[in-house]
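Okay, so here's the structure we're looking at.
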Amino acid sequence: MASKASAGARAAGAGLARDPALAVTVVLLWAGLALFVVYPLAMLFARIVVDQGHVSLAGLGGILTDRHQVRAFGNSLLLGALVGLIGTVVGFAFAFVAARGRLPLWLVATIDASVLLPLISPPFTTAIAMIFSFGPRGLVTYGLLGVKGFSVYGLWSTLLSEALTYFPIAYLTLRPILAAIDSNVEGMARSLGASRWRVFRTVTLPLAIPGIANAFLLLFAASLADFATPLILAGNAFPVLPTQAYLQITGMFDLRGGAALSFALLVPALIVFVLQRYWVSRRQYVTVTGKGAGQTPFDSMTPGVRAALLAVCGGVTLLIVYFYALLLYASLVVALGANHAFTLAHYRTIFTDGAKAIRDTLTIAALATPLGGLYGIAVGYLVARKRFPGRRTMELVSMIDYALPGTIVGIAYLIAFNDPPLVLTGTALIIVACYVFRYGPTGIRATIALLAQIDPSLEEASRGLGAGSATTFRRVTLPLIAPAFFAGLGVVFIRSMTAISATIFLISIGWTLITVKILENITELSLGPAAAFSVFVVAIVFVVTGAIARAVRLFRAPGATQVASLLGG
Amino acid sequence: MAAAAATDATSAKHAVGVRVEGVSKRFAHRVKGEIYAARDVTLDVAPGEFLTLLGPSGCGKTTTLRMIAGFETPDEGHVRFGSDDVTHLPADQRNIGFVFQNYALFPHLSVGENVAYGLRVRGLDGREVATRVTDVLTLVGLAGYEQQFSSQLSGGEQQRVALARAIVIRPRLLLFDEPLSNLDARLRVQMRDEIRDLQQRLAITTIYVTHDQEEAMAVSDRIVVMNQGRVVQVGSAEDLYHHPQSRFVAGFIGRVNLLPARVTAIDGDAVELDALGCRLALRHAGAALRVGDAAALVLRPEALEIVRADDARAVLRGVVVARTFLGEKVEYRALCGDVPLQAIRYNSGPADLVPPGMEIGLAVNVDAAAVVPERES
């Protein structure tokens with residue numbers, strides 16, 4: 001890609017001096033990145049290491065050696081590893097069945113739709129459904145099995161909920177990889193005498209290893225950063241870092257301690273980021289394409305294996321469908337588990353008491369979505385096709401907030417914009433900026449990926465036909481990167497509707513969010529309105545992303561493997 | 001390719017014949033519904049023979065090959081290796097060597113491991129594997145390449161690895177699916193000679209798929225021409241070229257002038273035709289014709305000799321409209337009335353060139369001409 005990018009830079013052939021529009025754009029983007037990415041993190045870091053005017057690591061050391069916090073750190077890693085493991089295995093099963101099962105198209109579409117549900121839901125959705133099913137008055141534990149005093153809180157429920165929420169990342173990462181393996185390569189192994197199982201073991205699996213590692217890392221990072229699920233389900237017995245950092249700040253008013261805790265998250269998150277960027281990406285196998293590639297998929301499975309895998313995937317899909325049906329049902333009855341009389345009261349509540357949260361959330365989403373989409377293609381295009389000083393650095397810096405857990409970003413914004421010179425706390429701008437710089441990078445990645453596949457000669461041809469740089473961009477490049485733009489739009493919108501981990505630190509009396517309202521409802525045990533809110537968000541997101549996907553097939557765009565970045569709220 | 005001494009490392013024990021009997025394969029097509037990729041295909045391949053399936057893309061040649069390999073199962077008909085019915089035998093139990101157009105090398109394995117794969121599957125011990133890998137790599141001219149990865153190799157080298165991997169298991173049958181299409185023109189000619197040479201030395205029954213008629217003629221003992229899922233004609237290269245039985249074969253094999261003609265008389269195998277207002281007598285009709293039938297006269301460019309307009313041998317008269325100088329030969333396009341004709345002349349010196357615009361006569365070498373029915377049967 002680097003060579004293509006430099007070729008593109010040569011093709012564009014414009015230095016900053018010769019192209020004032022480029023210069024202005026670059027300066028504006030750098031200003032935005034400096035202000036909303038670098039500055040907050042610098043302030044976060046300064047808050048941790050500067051104590052009453054002196055540089056001191058005592059505060060950091062103190063909190064990081066606290067036994068309770070060390071346990072939280074260990075728990076976070078354990079949970080992340082388990083979610084990564086289970087989610088990758090389940091995701092692989094789904095991807096394998098979808099790519100190789102020779103399933104009818106409608107069945108694949110059904111799997112896709114139900115698997116996408118967790119990806120576009122507000123973060124508490126599966127957690128609420130878990131409580132409905134396995135809580136003190138749970139349908140399964142209390143209603144069906146009659147268990148009294150059963151505790152839903154702890155590692156297992158958090159793990160189940162997160163694995164169910166995040167395994168679609170593994171599915172979406174692995175499916176294109178399995179589908180891209182040249183069926184001739186596997187057919188060749190078979191004709192050399194290998195059984196189906198041996199082909200799987202010695203060819204299919206080794207070729208999918210980079211994808212599997214990538215899926216594991218993505219899931220690990222998603223779980224590590226997940227704030228909402230453990231807040232509801234982990235309970236006191238199983239503290240994890242993001243919730244500890246939140247409680248340190250909101251419960252004990254210890255901003256510095258919270259900052260230090262969030263900082264501890266940084267290390268594993270950075271390791272994951274570096275592994276992905278510099279290890280996994282170098283290990284993708286390029287298969288020579290030619291005739292044969294992309295014909296009927298290799299027949300990997302005996303009917304028995306196929307049936308078994310279908311049963312597993314069917315079970316998981318049913319569980320997802322059950323959880324969402326339960327959520328819908330709970331939003332329509334007086335009190336699930338106690339009074340199952342039909343009512344619309346919960347919806348009345350969210351459109352009266354919750355009206356402000358809905359209005360605020362939609363306003364912020366309406367602002368963040370176009371800005372985030374534009375930011376994504378602007379940075380993506382510049383980085384992939386133009387040559388200017390600090391190009392690589394810009395790409396790297398733009399990825400920082402995307403790679404970091406939301407808790408860190410939220411606390412950094414809180415610290416940076418609470419005091420002069422720039423007071424943004426209490427405004428909508430701080431939330432919009434957070435969304436743009438945290439979720440816009442999906443558009444950057446999609447744009448870069450797309451442009452890497454488009455030969456610069458297309459743009460050269462336009463120049464050669466006499467079109468200027470601006471006309472070429474408008475008539476050739478822009479239509480080509482439109483799918484990336486829409487992919488970016490979709491992700492920023494989804495996250496604007498569903499994120500909480502960063503923005504919970506940024507809400508105010510003036511501006512609040514639906515997700516925060518859901519959290520309040522859950523803590524007040526008014527689960528009906530929480531369910532109604534969740535259904536409302538899922539419905540809105542489904543309709544809007546459906547509209548976008550219909551215009552441009554969102555999840556089929558070359559940036560589709562970046563759908564992973566849907567997560568991390 | 002390398003020394004003949006290495007051949008014993010891979011030589012097939014005994015060549016096997018292949019019989020494909022009335023095989024059909026249907027696929028679901030998005031627009032057309034169900035279509036036949038292969039329709040009632042019957043082939044007989046003699047032990048040790050080099051047979052080529054030739055046809056345009058979509059003619060069913062690759063599907064037929066894949067059914068012989070076991071990658072597809074026929075909807076009807078049978079495939080036999082010798083006396084064994086292998087129709088429903090999975091690919092891994094057929095003991096065949098297959099070479100794909102895109103080579104299908106295992107990208108995660110080195111050259112040595114790629115070649116060793118089939119031997120390991122067969123449970124051979126390490127020393128035997130190493131010896132046979134070394135021998136076969138020497139045979140294909142890649143000695144010392146064991147540790148390389150396919151991404152480091154040129155297209156021709158990858159092709160040799162694919163070939164080595166296919167023959168090292170001493171297959172009963174060697175199958176090629178357009179193996180040379182990804183190579184440049186010069187390498188293509190070199191590799192096809194090497195493949196033919198290797199096949200002769202190993203005496204393995206070989207079935208080869210290509211859409212390139214020149215390649216087919218260069219390597220094959222016999223050629224099976226296919227079109228729209230069916231076998232159209234089977235024969236040696238000379239046979240197909242000189243005695244095509246349909247317009248399709250005449251047009252597909254080599255370059256041709258196909259002229260409308262009418263059968264005026266038949267005498268045993270000889271036939272008399274009326275074409276472009278001239279009367280021509282051919283000694284062999286080849287195809288089944290009746291007097292009065294509309295037919296097409298098959299005239300290869302080299303069967304038309306350009307002569308002076310007033311030459312006694314001139315059967316047709318026309319005007320040269322274009323000339324392409326190719327060194328050893330010169331291609332002419334002429335108009336005979338309003339019928340375009342192509343003719344080839346071997347270059348015998350600068351004085352011999354005929355300029356465009358010149359009126360010429362054309363002599364016809366009737367021994368090199370053929371006649372086919374006007375309509376496809």
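Order determines the names: the first chain of the structure tokens is A, the second B, and so forth; residues in each chain are numbered 1 upward, and ligands are numbered 1 upward as they are shown.
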
Stretch 52-56 of chain B surroundings by only C-alpha atoms, 6 Å radius, close-in-sequence under 6 positions cut, as a CSV table (one decimal) with N, CA and C atoms, in the first residue's frame:
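result-v3.csv was written with the following content:
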```csv
chain,number,residue,atom,x,y,z
B,207,ILE,N,-4.6,-35.6,-19.5
B,207,ILE,CA,-5.8,-34.8,-20.0
B,207,ILE,C,-5.5,-33.3,-19.8
B,208,TYR,N,-5.6,-32.5,-20.8
B,208,TYR,CA,-5.1,-31.2,-20.8
B,208,TYR,C,-6.2,-30.3,-21.3
B,209,VAL,N,-6.5,-29.2,-20.6
B,209,VAL,CA,-7.6,-28.3,-21.0
B,209,VAL,C,-7.0,-27.0,-21.4
B,210,THR,N,-7.4,-26.5,-22.6
B,210,THR,CA,-6.9,-25.2,-23.0
B,210,THR,C,-7.9,-24.5,-24.0
B,211,HIS,N,-7.9,-23.2,-24.1
B,211,HIS,CA,-8.7,-22.6,-25.2
B,211,HIS,C,-7.8,-22.1,-26.3
B,220,SER,N,-0.7,-32.2,-28.1
B,220,SER,CA,-1.6,-33.3,-28.0
B,220,SER,C,-1.3,-34.5,-28.9
B,223,ILE,N,-7.1,-34.3,-30.0
B,223,ILE,CA,-7.8,-33.1,-29.5
B,223,ILE,C,-9.3,-33.4,-29.5
B,224,VAL,N,-9.9,-33.0,-28.4
B,224,VAL,CA,-11.4,-33.1,-28.3
B,224,VAL,C,-11.9,-31.6,-28.4
B,225,VAL,N,-12.6,-31.3,-29.5
B,225,VAL,CA,-13.1,-29.9,-29.5
B,225,VAL,C,-14.5,-29.9,-28.9
B,226,MET,N,-14.7,-29.0,-28.0
B,226,MET,CA,-16.0,-28.9,-27.3
B,226,MET,C,-16.6,-27.6,-27.5
B,227,ASN,N,-18.0,-27.5,-27.5
B,227,ASN,CA,-18.7,-26.3,-27.7
B,227,ASN,C,-20.1,-26.5,-27.0
```

Wanna dump the chain A-chain B contacts at 6 Å for me, each residue with its shortest atom pair and the distance in Å to one decimal, counting only C-alpha atoms, ordered by chain and number, as JSON lines?
```
{"residue": "A:Asn184", "atom": "CA", "partner": "B:Ala104", "partner_atom": "CA", "distance": 5.7}
{"residue": "A:Val185", "atom": "CA", "partner": "B:Ala104", "partner_atom": "CA", "distance": 4.5}
{"residue": "A:Arg190", "atom": "CA", "partner": "B:Asp92", "partner_atom": "CA", "distance": 4.8}
{"residue": "A:Ser191", "atom": "CA", "partner": "B:Asp92", "partner_atom": "CA", "distance": 4.6}
{"residue": "A:Leu192", "atom": "CA", "partner": "B:Gly118", "partner_atom": "CA", "distance": 4.7}
{"residue": "A:Gly193", "atom": "CA", "partner": "B:Asp92", "partner_atom": "CA", "distance": 3.8}
{"residue": "A:Ala194", "atom": "CA", "partner": "B:Asp92", "partner_atom": "CA", "distance": 5.6}
{"residue": "A:Gly290", "atom": "CA", "partner": "B:Asn102", "partner_atom": "CA", "distance": 5.5}
```

- Query: At what distance in Å, to one decimal, does atom CA of A:Phe216 lie from atom CA of A:Phe94?
  - Reply: 14.8 Å

Can you pull out every residue within 8 Å of B:Ala261, counting only C-alpha atoms, but drop anything in the same chain fewer than 2 positions away, and send it as a CSV table (one decimal) with C-alpha atoms, in the first residue's frame?
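Full text of part-v1.csv as output:
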```csv
chain,number,residue,atom,x,y,z
B,259,LEU,CA,-17.3,-19.2,-48.3
B,263,VAL,CA,-23.2,-29.0,-53.6
B,273,LEU,CA,-19.2,-27.3,-55.4
B,274,ASP,CA,-20.3,-24.0,-56.7
B,275,ALA,CA,-18.7,-21.2,-54.8
B,276,LEU,CA,-18.3,-17.5,-55.7
B,294,ALA,CA,-26.1,-25.4,-49.0
B,295,ALA,CA,-22.5,-25.8,-47.7
B,296,ALA,CA,-19.5,-23.8,-46.6
B,297,LEU,CA,-16.2,-24.1,-48.4
```

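Minimum atom-to-atom distance to A:Leu344, evaluated using only C-alpha atoms, belongs to A:Ser331 out of A:Thr471, A:Ser331, A:Leu261, A:Cys434.
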
- Message: Let me make sure I understand: among B:Phe325, B:Leu335, B:Gly361, B:Thr42, which one has the smallest atom-to-atom distance to B:Gly349 if we use only C-alpha atoms?
- Response: B:Phe325

- Query: Could you pull out the strand (DSSP E or B) residues of stretch 280-367 of chain B from DSSP and send them as a VMD selection string?
  - Reply: chain B and resid 280 to 282 286 294 to 299 304 to 307 316 to 325 329 to 336 339 to 346 359 to 364

Take the residues just selected and output them with N, CA and C atoms as a compact mmCIF listing (two decimals), in the first residue's frame.
```
# COMPACT_ATOMS: atom_id res chain seq x y z
N LEU B 280 -15.68 -26.00 -58.17
CA LEU B 280 -14.50 -26.61 -57.56
C LEU B 280 -14.78 -28.08 -57.31
N ALA B 281 -13.76 -28.90 -57.54
CA ALA B 281 -13.92 -30.33 -57.28
C ALA B 281 -13.00 -30.73 -56.13
N LEU B 282 -13.61 -31.26 -55.04
CA LEU B 282 -12.82 -31.71 -53.90
C LEU B 282 -12.80 -33.24 -53.89
N GLY B 286 -15.60 -35.44 -46.63
CA GLY B 286 -15.47 -35.41 -45.16
C GLY B 286 -16.83 -35.48 -44.50
N ALA B 294 -26.91 -26.52 -49.23
CA ALA B 294 -26.07 -25.36 -48.97
C ALA B 294 -24.91 -25.83 -48.11
N ALA B 295 -23.71 -25.36 -48.41
CA ALA B 295 -22.53 -25.81 -47.67
C ALA B 295 -21.60 -24.62 -47.49
N ALA B 296 -20.54 -24.84 -46.73
CA ALA B 296 -19.52 -23.80 -46.58
C ALA B 296 -18.19 -24.37 -47.03
N LEU B 297 -17.53 -23.66 -47.90
CA LEU B 297 -16.22 -24.08 -48.37
C LEU B 297 -15.17 -23.59 -47.40
N VAL B 298 -14.33 -24.51 -46.93
CA VAL B 298 -13.29 -24.17 -45.96
C VAL B 298 -11.98 -23.99 -46.70
N LEU B 299 -11.55 -22.74 -46.77
CA LEU B 299 -10.29 -22.46 -47.47
C LEU B 299 -9.32 -21.83 -46.50
N LEU B 304 -4.85 -20.58 -50.56
CA LEU B 304 -5.10 -19.60 -51.61
C LEU B 304 -3.75 -19.04 -52.08
N GLU B 305 -3.48 -19.21 -53.34
CA GLU B 305 -2.21 -18.72 -53.86
C GLU B 305 -2.46 -17.46 -54.68
N ILE B 306 -1.73 -16.40 -54.37
CA ILE B 306 -1.89 -15.16 -55.14
C ILE B 306 -1.09 -15.27 -56.43
N VAL B 307 -1.77 -15.10 -57.54
CA VAL B 307 -1.11 -15.17 -58.86
C VAL B 307 -1.50 -13.94 -59.67
N LEU B 316 -10.22 -17.48 -58.97
CA LEU B 316 -10.96 -16.31 -58.52
C LEU B 316 -10.17 -15.06 -58.89
N ARG B 317 -10.90 -13.94 -58.99
CA ARG B 317 -10.21 -12.68 -59.22
C ARG B 317 -10.63 -11.69 -58.14
N GLY B 318 -9.66 -10.82 -57.75
CA GLY B 318 -9.99 -9.85 -56.71
C GLY B 318 -8.99 -8.73 -56.66
N VAL B 319 -9.11 -7.91 -55.62
CA VAL B 319 -8.24 -6.76 -55.42
C VAL B 319 -7.63 -6.84 -54.03
N VAL B 320 -6.32 -6.60 -53.94
CA VAL B 320 -5.66 -6.59 -52.62
C VAL B 320 -6.08 -5.32 -51.88
N VAL B 321 -6.57 -5.46 -50.65
CA VAL B 321 -6.96 -4.26 -49.89
C VAL B 321 -6.01 -3.95 -48.74
N ALA B 322 -5.32 -4.97 -48.22
CA ALA B 322 -4.39 -4.69 -47.12
C ALA B 322 -3.31 -5.76 -47.09
N ARG B 323 -2.19 -5.39 -46.48
CA ARG B 323 -1.07 -6.31 -46.46
C ARG B 323 -0.41 -6.18 -45.10
N THR B 324 -0.10 -7.31 -44.47
CA THR B 324 0.62 -7.28 -43.19
C THR B 324 1.92 -8.04 -43.36
N PHE B 325 3.02 -7.32 -43.20
CA PHE B 325 4.33 -7.94 -43.37
C PHE B 325 4.78 -8.55 -42.06
N LYS B 329 6.54 -14.47 -43.53
CA LYS B 329 5.35 -14.59 -44.36
C LYS B 329 4.65 -13.23 -44.45
N VAL B 330 3.78 -13.13 -45.43
CA VAL B 330 3.03 -11.89 -45.61
C VAL B 330 1.55 -12.25 -45.68
N GLU B 331 0.76 -11.56 -44.89
CA GLU B 331 -0.67 -11.81 -44.92
C GLU B 331 -1.35 -10.78 -45.81
N TYR B 332 -2.22 -11.26 -46.66
CA TYR B 332 -2.96 -10.35 -47.56
C TYR B 332 -4.44 -10.44 -47.26
N ARG B 333 -5.11 -9.30 -47.36
CA ARG B 333 -6.57 -9.32 -47.37
C ARG B 333 -7.01 -8.82 -48.74
N ALA B 334 -7.88 -9.59 -49.35
CA ALA B 334 -8.32 -9.22 -50.69
C ALA B 334 -9.85 -9.23 -50.74
N LEU B 335 -10.41 -8.49 -51.66
CA LEU B 335 -11.85 -8.53 -51.88
C LEU B 335 -12.12 -9.22 -53.20
N CYS B 336 -12.99 -10.24 -53.11
CA CYS B 336 -13.33 -10.97 -54.30
C CYS B 336 -14.81 -10.69 -54.53
N VAL B 339 -16.79 -10.32 -51.26
CA VAL B 339 -16.41 -11.32 -50.25
C VAL B 339 -14.96 -11.11 -49.85
N PRO B 340 -14.71 -10.85 -48.55
CA PRO B 340 -13.32 -10.68 -48.11
C PRO B 340 -12.62 -12.03 -48.00
N LEU B 341 -11.36 -12.08 -48.39
CA LEU B 341 -10.58 -13.32 -48.31
C LEU B 341 -9.22 -13.01 -47.69
N GLN B 342 -8.70 -13.97 -46.92
CA GLN B 342 -7.34 -13.81 -46.46
C GLN B 342 -6.45 -14.86 -47.10
N ALA B 343 -5.24 -14.44 -47.44
CA ALA B 343 -4.29 -15.35 -48.07
C ALA B 343 -2.92 -15.12 -47.45
N ILE B 344 -2.13 -16.20 -47.38
CA ILE B 344 -0.78 -16.09 -46.82
C ILE B 344 0.23 -16.49 -47.90
N ARG B 345 1.28 -15.72 -47.97
CA ARG B 345 2.35 -16.06 -48.90
C ARG B 345 3.65 -16.09 -48.16
N TYR B 346 4.44 -17.10 -48.41
CA TYR B 346 5.75 -17.10 -47.80
C TYR B 346 6.64 -16.12 -48.53
N GLU B 359 -4.88 -5.59 -58.79
CA GLU B 359 -5.78 -6.68 -59.16
C GLU B 359 -5.00 -7.98 -59.24
N ILE B 360 -5.56 -9.01 -58.64
CA ILE B 360 -4.84 -10.28 -58.60
C ILE B 360 -5.76 -11.42 -58.98
N GLY B 361 -5.12 -12.56 -59.23
CA GLY B 361 -5.89 -13.78 -59.37
C GLY B 361 -5.57 -14.67 -58.19
N LEU B 362 -6.50 -15.57 -57.83
CA LEU B 362 -6.25 -16.48 -56.73
C LEU B 362 -6.40 -17.91 -57.22
N ALA B 363 -5.33 -18.68 -57.01
CA ALA B 363 -5.40 -20.10 -57.33
C ALA B 363 -5.77 -20.86 -56.07
N VAL B 364 -6.59 -21.90 -56.21
CA VAL B 364 -7.04 -22.65 -55.05
C VAL B 364 -6.40 -24.03 -55.05
```

What residues in stretch 51-173 of chain B get the DSSP label alpha helix (DSSP H)? Please answer as a tab-separated table (two decimals) with N, CA and C atoms, in the first residue's frame.
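Result written to states13.tsv:
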```
chain	number	residue	atom	x	y	z
B	61	LYS	N	-15.25	-27.69	-20.95
B	61	LYS	CA	-14.01	-28.47	-20.87
B	61	LYS	C	-13.48	-28.57	-19.44
B	62	THR	N	-13.52	-27.42	-18.71
B	62	THR	CA	-13.03	-27.45	-17.34
B	62	THR	C	-13.93	-28.28	-16.44
B	63	THR	N	-15.25	-28.16	-16.64
B	63	THR	CA	-16.18	-28.96	-15.85
B	63	THR	C	-15.92	-30.45	-16.08
B	64	THR	N	-15.71	-30.83	-17.33
B	64	THR	CA	-15.42	-32.23	-17.64
B	64	THR	C	-14.15	-32.68	-16.92
B	65	LEU	N	-13.12	-31.82	-16.97
B	65	LEU	CA	-11.86	-32.17	-16.31
B	65	LEU	C	-12.05	-32.31	-14.80
B	66	ARG	N	-12.83	-31.40	-14.23
B	66	ARG	CA	-13.04	-31.42	-12.78
B	66	ARG	C	-13.84	-32.66	-12.36
B	67	MET	N	-14.69	-33.15	-13.27
B	67	MET	CA	-15.42	-34.39	-12.95
B	67	MET	C	-14.47	-35.59	-13.02
B	68	ILE	N	-13.51	-35.53	-13.94
B	68	ILE	CA	-12.51	-36.61	-14.00
B	68	ILE	C	-11.64	-36.58	-12.75
B	69	ALA	N	-11.36	-35.36	-12.25
B	69	ALA	CA	-10.53	-35.22	-11.06
B	69	ALA	C	-11.27	-35.58	-9.79
B	111	VAL	N	8.50	-24.32	-1.03
B	111	VAL	CA	8.48	-25.16	-2.23
B	111	VAL	C	8.62	-26.63	-1.86
B	112	GLY	N	9.60	-26.93	-0.99
B	112	GLY	CA	9.83	-28.31	-0.59
B	112	GLY	C	8.61	-28.91	0.09
B	113	GLU	N	8.01	-28.13	1.00
B	113	GLU	CA	6.83	-28.63	1.72
B	113	GLU	C	5.63	-28.78	0.80
B	114	ASN	N	5.51	-27.88	-0.18
B	114	ASN	CA	4.45	-28.00	-1.17
B	114	ASN	C	4.55	-29.33	-1.90
B	115	VAL	N	5.77	-29.63	-2.36
B	115	VAL	CA	5.97	-30.86	-3.14
B	115	VAL	C	5.81	-32.08	-2.25
B	116	ALA	N	6.23	-31.93	-0.98
B	116	ALA	CA	6.19	-33.08	-0.07
B	116	ALA	C	4.78	-33.40	0.42
B	117	TYR	N	3.85	-32.43	0.25
B	117	TYR	CA	2.52	-32.57	0.85
B	117	TYR	C	1.86	-33.92	0.53
B	118	GLY	N	1.81	-34.24	-0.75
B	118	GLY	CA	1.14	-35.48	-1.15
B	118	GLY	C	1.85	-36.72	-0.66
B	119	LEU	N	3.17	-36.62	-0.51
B	119	LEU	CA	3.95	-37.77	-0.03
B	119	LEU	C	3.70	-37.98	1.46
B	120	ARG	N	3.62	-36.87	2.20
B	120	ARG	CA	3.36	-36.96	3.64
B	120	ARG	C	1.96	-37.55	3.87
B	121	VAL	N	1.00	-37.10	3.06
B	121	VAL	CA	-0.36	-37.62	3.20
B	121	VAL	C	-0.33	-39.14	3.03
B	126	GLY	N	10.37	-39.88	6.30
B	126	GLY	CA	11.06	-38.61	6.02
B	126	GLY	C	12.15	-38.71	4.98
B	127	ARG	N	12.94	-39.77	5.04
B	127	ARG	CA	14.07	-39.87	4.11
B	127	ARG	C	13.59	-40.07	2.67
B	128	GLU	N	12.60	-40.94	2.54
B	128	GLU	CA	12.01	-41.20	1.22
B	128	GLU	C	11.40	-39.92	0.65
B	129	VAL	N	10.70	-39.16	1.53
B	129	VAL	CA	10.09	-37.90	1.10
B	129	VAL	C	11.17	-36.95	0.59
B	130	ALA	N	12.23	-36.79	1.39
B	130	ALA	CA	13.29	-35.85	1.03
B	130	ALA	C	13.92	-36.22	-0.31
B	131	THR	N	14.19	-37.53	-0.50
B	131	THR	CA	14.81	-37.98	-1.75
B	131	THR	C	13.92	-37.67	-2.94
B	132	ARG	N	12.65	-38.01	-2.78
B	132	ARG	CA	11.75	-37.83	-3.93
B	132	ARG	C	11.52	-36.36	-4.24
B	133	VAL	N	11.48	-35.53	-3.19
B	133	VAL	CA	11.32	-34.09	-3.42
B	133	VAL	C	12.53	-33.55	-4.19
B	134	THR	N	13.73	-33.92	-3.72
B	134	THR	CA	14.94	-33.46	-4.39
B	134	THR	C	14.95	-33.92	-5.85
B	135	ASP	N	14.63	-35.20	-6.07
B	135	ASP	CA	14.65	-35.74	-7.43
B	135	ASP	C	13.69	-35.01	-8.35
B	136	VAL	N	12.46	-34.80	-7.86
B	136	VAL	CA	11.46	-34.22	-8.75
B	136	VAL	C	11.77	-32.74	-9.02
B	137	LEU	N	12.33	-32.05	-8.01
B	137	LEU	CA	12.69	-30.65	-8.24
B	137	LEU	C	13.82	-30.56	-9.26
B	138	THR	N	14.75	-31.52	-9.20
B	138	THR	CA	15.80	-31.56	-10.21
B	138	THR	C	15.19	-31.79	-11.59
B	139	LEU	N	14.22	-32.70	-11.62
B	139	LEU	CA	13.57	-33.04	-12.88
B	139	LEU	C	12.92	-31.83	-13.55
B	155	GLY	N	6.38	-16.61	-12.32
B	155	GLY	CA	5.25	-17.40	-12.77
B	155	GLY	C	5.68	-18.76	-13.31
B	156	GLY	N	6.75	-18.77	-14.11
B	156	GLY	CA	7.23	-20.02	-14.69
B	156	GLY	C	7.71	-20.99	-13.62
B	157	GLU	N	8.40	-20.43	-12.60
B	157	GLU	CA	8.89	-21.28	-11.51
B	157	GLU	C	7.74	-21.85	-10.70
B	158	GLN	N	6.73	-21.02	-10.45
B	158	GLN	CA	5.56	-21.51	-9.71
B	158	GLN	C	4.90	-22.64	-10.48
B	159	GLN	N	4.85	-22.48	-11.80
B	159	GLN	CA	4.25	-23.51	-12.64
B	159	GLN	C	5.03	-24.83	-12.51
B	160	ARG	N	6.36	-24.73	-12.45
B	160	ARG	CA	7.17	-25.95	-12.31
B	160	ARG	C	6.95	-26.61	-10.96
B	161	VAL	N	6.79	-25.78	-9.91
B	161	VAL	CA	6.52	-26.35	-8.58
B	161	VAL	C	5.18	-27.10	-8.62
B	162	ALA	N	4.18	-26.47	-9.24
B	162	ALA	CA	2.87	-27.11	-9.34
B	162	ALA	C	2.98	-28.44	-10.08
B	163	LEU	N	3.78	-28.45	-11.13
B	163	LEU	CA	3.99	-29.66	-11.92
B	163	LEU	C	4.70	-30.72	-11.08
B	164	ALA	N	5.76	-30.30	-10.37
B	164	ALA	CA	6.51	-31.23	-9.53
B	164	ALA	C	5.61	-31.83	-8.47
B	165	ARG	N	4.77	-31.00	-7.87
B	165	ARG	CA	3.88	-31.46	-6.81
B	165	ARG	C	2.87	-32.47	-7.34
B	166	ALA	N	2.47	-32.26	-8.61
B	166	ALA	CA	1.48	-33.18	-9.19
B	166	ALA	C	2.10	-34.51	-9.58
B	167	ILE	N	3.36	-34.52	-10.06
B	167	ILE	CA	3.91	-35.79	-10.55
B	167	ILE	C	4.66	-36.58	-9.48
```

- Message: For a quick check of understanding, using only C-alpha atoms, which of A:Leu174, A:Ala221, A:Val476, A:Ile500 has the smallest distance to A:Leu275?
- Response: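 That would be A:Ala221, the residue with the smallest distance to A:Leu275.
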
- Item | Interatomic distance, atom CA of B:Glu34 to atom CA of A:Asp182 (Å, one decimal) | 25.1 Å

- Task: Determine, counting only C-alpha atoms, which protein, DNA and RNA residues have an atom within 10 Å of an atom of A:Ile522; residues of the same chain fewer than 4 positions away are not included. Present the result as a list of chain:residue names.
- Result: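 In the requested format, the answer is A:Phe124, A:Ile128, A:Ile232, A:Val516, A:Lys517, A:Ile518, A:Ser526, A:Leu527, A:Gly528, A:Pro529, A:Ala530, A:Ala531.
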
Write a file of the just-selected residues containing C-alpha atoms, as a PDB file, in the first residue's frame.
```pdb
ATOM      1  CA  PHE A 124     -26.647  -2.701  27.864  1.00  0.00           C
ATOM      2  CA  ILE A 128     -30.581  -6.320  30.494  1.00  0.00           C
ATOM      3  CA  ILE A 232     -24.306  -3.989  35.020  1.00  0.00           C
ATOM      4  CA  VAL A 516     -26.841   7.280  29.972  1.00  0.00           C
ATOM      5  CA  LYS A 517     -30.589   7.416  30.541  1.00  0.00           C
ATOM      6  CA  ILE A 518     -30.725   3.616  30.075  1.00  0.00           C
ATOM      7  CA  SER A 526     -36.961   0.615  36.193  1.00  0.00           C
ATOM      8  CA  LEU A 527     -36.150  -2.010  33.606  1.00  0.00           C
ATOM      9  CA  GLY A 528     -39.285  -1.396  31.537  1.00  0.00           C
ATOM     10  CA  PRO A 529     -38.242   2.048  30.316  1.00  0.00           C
ATOM     11  CA  ALA A 530     -34.671   0.763  29.885  1.00  0.00           C
ATOM     12  CA  ALA A 531     -36.013  -1.944  27.589  1.00  0.00           C
TER      13      ALA A 531
END
```
